Amino acid sequence: MAKLPPSSPTFGQPPLPAEWQAQLTAVAHRYNREYQGEAVELPAEATSLSLYPDWRTGTLATRLASPFWQLAQPQKNQVCLDLGCGVSFLIYPWRDWGAFFYGQEISEVAQAALNQRAPQLNSKLFKGVRLQAAHQLDYAPAQFDWAIATGVSCYYPLAYWEIVITAVKAILKPTGMFVFDVLNPAAPLAEDWAILETYLGAEVQLNPLSDWEALIKRLGGKVMGQQSGEVFQLYKVRF
């Protein structure tokens with residue numbers, strides 16, 4: 001089972017509810033298995049899904065990944081924080097962008113792989129990956145030009161994500177942007193993907209886009225751009 005950091009967030013916040021911490025553990029375990037290439041036996045309900053062939057061949061993640069750089073491409077010498085980064089620095093052109101990369105990840109397998117391999121690609125731009133959840137942002141105020149979180153919010157309730165956004169606001173520069181995606185329940189493939197993820201061990205949340213947009217507005221955010229994908233809706237937000 002994944003070795004997660006303590007449930008107590010930084011900045012003196014109280015511990016997370018037990019069900020949220022359990023979900024963080026489940027998501028970490030689900031992705032540890034994926035990064036380790038462990039075989040997963042799925043029932044007929046899952047193997048009959050239209051997404052299953054792409055999942056089996058390993059192409060589904062690439063197909064559904066949100067291209068955050070199309071809304072917000074990091075620029076040279078900008079400072080960026082990638083929440084739930086996976087192995088982002090290894091597969092996206094961070095070296096071409098010339099941006100400084102900080103990461104956070106709850107999969108210890110992904111974190112270890114990135115911390116081992118990324119410095120070999122560019123030790124100047126790569127600033128390390130912490131084994132911490134998205135709400136645990138122990139950084140200086142106004143440190144980052146960008147914060148990015150794709151494929152993360154879908155696993156947690158809006159109340160948890162309110163904590164995350166509030167923490168992100170504190171570490172962004174006044175001109176900084178937060179680019180993140182949310183699961184769009186109205187997308188044709190959303191329900192099938194949700195079923196597949198449940199069988200893979202991490203249940204997802206099906207919150208309407210209107211609820212997300214209301215949360216962004218309530219926290220002082222303004223949507224500066226958005227983009228639709230097969231499952232996810234990508235937002236660029238300024239506070």
# chains A, B, ... in the order shown; residues from 1 in each chain; ligands from 1

$ residues_around --residues "Gly58 (chain A)" --least-positions-apart "5" --cutoff "12 Å" --atoms "only C-alpha atoms" --output "list in words"
Glu34, Tyr35, Gly37, Ala39, Leu51, Tyr52, Pro53, Arg63 and Leu64 of chain A

$ residues_around --residues "region 118-132 of chain A" --least-positions-apart "3" --cutoff "7 Å" --atoms "only C-alpha atoms" --output "PyMOL selection string"
chain A and resi 5+89-90+98-106+108+111+114-115+136

$ write_last_selection --atoms "all heavy atoms" --output "compact mmCIF listing (two decimals), in the first residue's frame"
# COMPACT_ATOMS: atom_id res chain seq x y z
N PRO A 5 2.11 10.90 2.99
CA PRO A 5 2.49 11.78 4.08
C PRO A 5 1.37 11.88 5.09
O PRO A 5 0.24 11.48 4.81
CB PRO A 5 2.73 13.13 3.36
CG PRO A 5 1.93 13.03 2.11
CD PRO A 5 1.96 11.59 1.72
N PHE A 89 7.69 15.71 -16.29
CA PHE A 89 8.95 16.28 -16.80
C PHE A 89 9.62 15.38 -17.82
O PHE A 89 10.40 15.85 -18.65
CB PHE A 89 9.91 16.55 -15.63
CG PHE A 89 11.05 17.47 -15.98
CD1 PHE A 89 10.87 18.84 -15.97
CD2 PHE A 89 12.30 16.97 -16.31
CE1 PHE A 89 11.92 19.70 -16.28
CE2 PHE A 89 13.36 17.81 -16.61
CZ PHE A 89 13.17 19.18 -16.61
N LEU A 90 9.31 14.10 -17.80
CA LEU A 90 9.92 13.15 -18.73
C LEU A 90 9.17 13.07 -20.05
O LEU A 90 9.75 12.66 -21.06
CB LEU A 90 9.97 11.75 -18.10
CG LEU A 90 10.69 11.62 -16.76
CD1 LEU A 90 10.65 10.17 -16.30
CD2 LEU A 90 12.13 12.12 -16.87
N GLY A 98 11.84 25.86 -21.18
CA GLY A 98 12.82 26.58 -20.37
C GLY A 98 12.26 27.07 -19.05
O GLY A 98 12.78 28.01 -18.45
N ALA A 99 11.18 26.44 -18.57
CA ALA A 99 10.54 26.84 -17.31
C ALA A 99 11.06 25.97 -16.17
O ALA A 99 11.40 24.80 -16.36
CB ALA A 99 9.03 26.71 -17.43
N PHE A 100 11.09 26.54 -14.98
CA PHE A 100 11.52 25.81 -13.80
C PHE A 100 10.36 24.95 -13.29
O PHE A 100 9.24 25.44 -13.12
CB PHE A 100 11.99 26.77 -12.71
CG PHE A 100 13.21 27.55 -13.11
CD1 PHE A 100 13.10 28.87 -13.51
CD2 PHE A 100 14.46 26.96 -13.09
CE1 PHE A 100 14.22 29.60 -13.88
CE2 PHE A 100 15.60 27.68 -13.46
CZ PHE A 100 15.47 29.00 -13.86
N PHE A 101 10.65 23.68 -13.06
CA PHE A 101 9.62 22.69 -12.74
C PHE A 101 9.72 22.24 -11.29
O PHE A 101 10.75 21.71 -10.86
CB PHE A 101 9.77 21.48 -13.66
CG PHE A 101 8.81 20.36 -13.40
CD1 PHE A 101 7.64 20.24 -14.12
CD2 PHE A 101 9.08 19.39 -12.43
CE1 PHE A 101 6.75 19.21 -13.89
CE2 PHE A 101 8.20 18.35 -12.18
CZ PHE A 101 7.03 18.25 -12.92
N TYR A 102 8.64 22.45 -10.54
CA TYR A 102 8.46 21.86 -9.21
C TYR A 102 7.27 20.91 -9.31
O TYR A 102 6.27 21.23 -9.96
CB TYR A 102 8.14 22.93 -8.17
CG TYR A 102 9.25 23.88 -7.85
CD1 TYR A 102 9.62 24.88 -8.74
CD2 TYR A 102 9.93 23.80 -6.63
CE1 TYR A 102 10.65 25.78 -8.43
CE2 TYR A 102 10.95 24.69 -6.31
CZ TYR A 102 11.30 25.68 -7.22
OH TYR A 102 12.31 26.57 -6.92
N GLY A 103 7.36 19.76 -8.66
CA GLY A 103 6.27 18.80 -8.73
C GLY A 103 5.83 18.30 -7.36
O GLY A 103 6.61 18.34 -6.39
N GLN A 104 4.57 17.87 -7.32
CA GLN A 104 4.05 17.13 -6.16
C GLN A 104 3.28 15.93 -6.67
O GLN A 104 2.61 16.01 -7.71
CB GLN A 104 3.15 18.01 -5.30
CG GLN A 104 3.91 19.02 -4.49
CD GLN A 104 3.15 19.61 -3.32
OE1 GLN A 104 3.67 20.50 -2.66
NE2 GLN A 104 1.94 19.14 -3.03
N GLU A 105 3.38 14.83 -5.93
CA GLU A 105 2.80 13.58 -6.39
C GLU A 105 2.52 12.70 -5.19
O GLU A 105 3.28 12.74 -4.21
CB GLU A 105 3.78 12.89 -7.36
CG GLU A 105 3.35 11.55 -7.88
CD GLU A 105 1.99 11.59 -8.56
OE1 GLU A 105 1.82 12.35 -9.53
OE2 GLU A 105 1.11 10.84 -8.11
N ILE A 106 1.41 11.93 -5.22
CA ILE A 106 1.14 11.00 -4.12
C ILE A 106 1.50 9.56 -4.48
O ILE A 106 1.46 8.70 -3.60
CB ILE A 106 -0.32 11.09 -3.65
CG1 ILE A 106 -1.30 10.75 -4.77
CG2 ILE A 106 -0.61 12.46 -3.06
CD1 ILE A 106 -2.74 10.64 -4.28
N GLU A 108 4.28 7.20 -4.82
CA GLU A 108 5.70 7.14 -4.47
C GLU A 108 6.53 6.56 -5.60
O GLU A 108 7.71 6.89 -5.75
CB GLU A 108 5.90 6.33 -3.19
CG GLU A 108 5.47 4.88 -3.30
CD GLU A 108 5.41 4.20 -1.94
OE1 GLU A 108 4.57 4.60 -1.12
OE2 GLU A 108 6.19 3.26 -1.73
N GLN A 111 7.00 9.49 -8.04
CA GLN A 111 7.89 10.47 -7.43
C GLN A 111 9.34 10.02 -7.47
O GLN A 111 10.24 10.78 -7.84
CB GLN A 111 7.46 10.73 -5.98
CG GLN A 111 8.27 11.83 -5.29
CD GLN A 111 8.85 11.38 -3.95
OE1 GLN A 111 8.82 10.19 -3.60
NE2 GLN A 111 9.39 12.32 -3.20
N LEU A 114 10.75 10.07 -11.10
CA LEU A 114 11.02 11.40 -11.61
C LEU A 114 12.23 12.03 -10.92
O LEU A 114 13.09 12.64 -11.57
CB LEU A 114 9.78 12.29 -11.43
CG LEU A 114 9.67 13.51 -12.34
CD1 LEU A 114 9.87 13.13 -13.81
CD2 LEU A 114 8.32 14.17 -12.17
N ASN A 115 12.32 11.87 -9.61
CA ASN A 115 13.47 12.44 -8.90
C ASN A 115 14.78 11.78 -9.31
O ASN A 115 15.85 12.41 -9.23
CB ASN A 115 13.27 12.31 -7.39
CG ASN A 115 12.39 13.41 -6.83
OD1 ASN A 115 12.28 14.49 -7.40
ND2 ASN A 115 11.74 13.12 -5.71
N GLN A 136 -1.26 20.22 0.25
CA GLN A 136 -0.10 20.42 1.12
C GLN A 136 0.95 21.26 0.40
O GLN A 136 1.95 20.75 -0.09
CB GLN A 136 0.47 19.08 1.57
CG GLN A 136 -0.51 18.28 2.42
CD GLN A 136 0.00 16.89 2.72
OE1 GLN A 136 0.28 16.11 1.82
NE2 GLN A 136 0.13 16.58 4.00

$ residues_around --residues "Ser210 (chain A)" --least-positions-apart "6" --cutoff "12 Å" --atoms "only C-alpha atoms" --output "count of residues only"
9

$ residues_around --residues "Lys222 (chain A)" --least-positions-apart "4" --cutoff "7 Å" --atoms "only C-alpha atoms" --output "ChimeraX atom specification"
/A:217,237-239

$ closest_atom_pairs --of "region 110-218 of chain A" --to "region 68-84 of chain A" --cutoff "8 Å" --atoms "only C-alpha atoms" --output "tab-separated table"
residue	atom	partner	partner_atom	distance
A:Ala133	CA	A:Gly84	CA	7.6
A:Ala134	CA	A:Leu83	CA	5.8
A:Gln143	CA	A:Val79	CA	7.5
A:Phe144	CA	A:Val79	CA	5.1
A:Asp145	CA	A:Val79	CA	5.3
A:Trp146	CA	A:Cys80	CA	4.7
A:Ala147	CA	A:Leu81	CA	4.7
A:Ile148	CA	A:Asp82	CA	4.7
A:Ala149	CA	A:Leu83	CA	4.8
A:Thr150	CA	A:Gly84	CA	7.2
A:Gly151	CA	A:Gly84	CA	7.6
A:Val152	CA	A:Gly84	CA	6.1
A:Val179	CA	A:Phe68	CA	6.8
A:Phe180	CA	A:Phe68	CA	7.7

$ closest_residue --among "A:Thr25, A:Ala214, A:Ala159, A:Tyr92" --to "Pro67 (chain A)" --atoms "only C-alpha atoms"
A:Tyr92

$ atom_distance --atom1 "CA of Leu16 (chain A)" --atom2 "CA of Glu203 (chain A)"
18.0 Å

$ residues_around --residues "Gln226 (chain A)" --least-positions-apart "3" --cutoff "7 Å" --atoms "only C-alpha atoms" --output "PyMOL selection string"
chain A and resi 234-236

$ select_by_dssp --residues "chain A" --states "alpha helix (DSSP H)" --output "ChimeraX atom specification"
/A:18-36,44-47,52-57,60-64,88-91,94-97,108-122,158-171,190-200,209-218

$ residues_around --residues "Lys169 (chain A)" --least-positions-apart "4" --cutoff "10 Å" --atoms "only C-alpha atoms" --output "JSON, numbers by chain"
{"A": [141, 142, 144, 147, 164, 165, 173, 174, 176, 177, 178, 219, 220, 221, 238, 239]}

$ write_last_selection --atoms "C-alpha atoms" --output "short mmCIF file (atom, residue, chain, number, x, y, z; two decimals), in the first residue's frame"
data_model
loop_
_atom_site.label_atom_id
_atom_site.label_comp_id
_atom_site.auth_asym_id
_atom_site.auth_seq_id
_atom_site.Cartn_x
_atom_site.Cartn_y
_atom_site.Cartn_z
CA PRO A 141 3.80 33.14 -0.87
CA ALA A 142 3.69 34.34 -4.49
CA PHE A 144 4.93 30.54 -8.76
CA ALA A 147 0.21 25.99 -11.01
CA VAL A 164 -6.56 23.03 -2.76
CA ILE A 165 -7.56 26.15 -4.69
CA LYS A 173 2.19 35.54 -8.05
CA PRO A 174 -0.38 38.32 -8.59
CA GLY A 176 -0.07 33.88 -11.86
CA MET A 177 -2.50 31.38 -13.34
CA PHE A 178 -3.92 28.06 -12.20
CA LEU A 219 -13.00 31.79 -4.39
CA GLY A 220 -12.29 34.93 -6.40
CA GLY A 221 -11.20 33.26 -9.62
CA ARG A 238 -6.60 33.94 -12.56
CA PHE A 239 -7.31 35.17 -9.02
#

$ closest_residue --among "A:Val204, A:Leu196, A:Ala61, A:Val109" --to "Leu42 (chain A)" --atoms "only C-alpha atoms"
A:Leu196

$ select_by_dssp --residues "region 154-205 of chain A" --states "strand (DSSP E or B)" --output "list in words"
Leu172, Lys173, Pro174, Thr175, Gly176, Met177, Phe178, Val179, Phe180, Asp181, Val182 and Leu183 of chain A

$ atom_distance --atom1 "CA of Trp193 (chain A)" --atom2 "CA of Val231 (chain A)"
7.8 Å

$ atom_distance --atom1 "CA of Ala18 (chain A)" --atom2 "CA of Ile163 (chain A)"
15.5 Å

$ residues_around --residues "Val40 (chain A)" --least-positions-apart "2" --cutoff "10 Å" --atoms "only C-alpha atoms" --output "PyMOL selection string"
chain A and resi 33-34+37-38+42-43+56+199-201
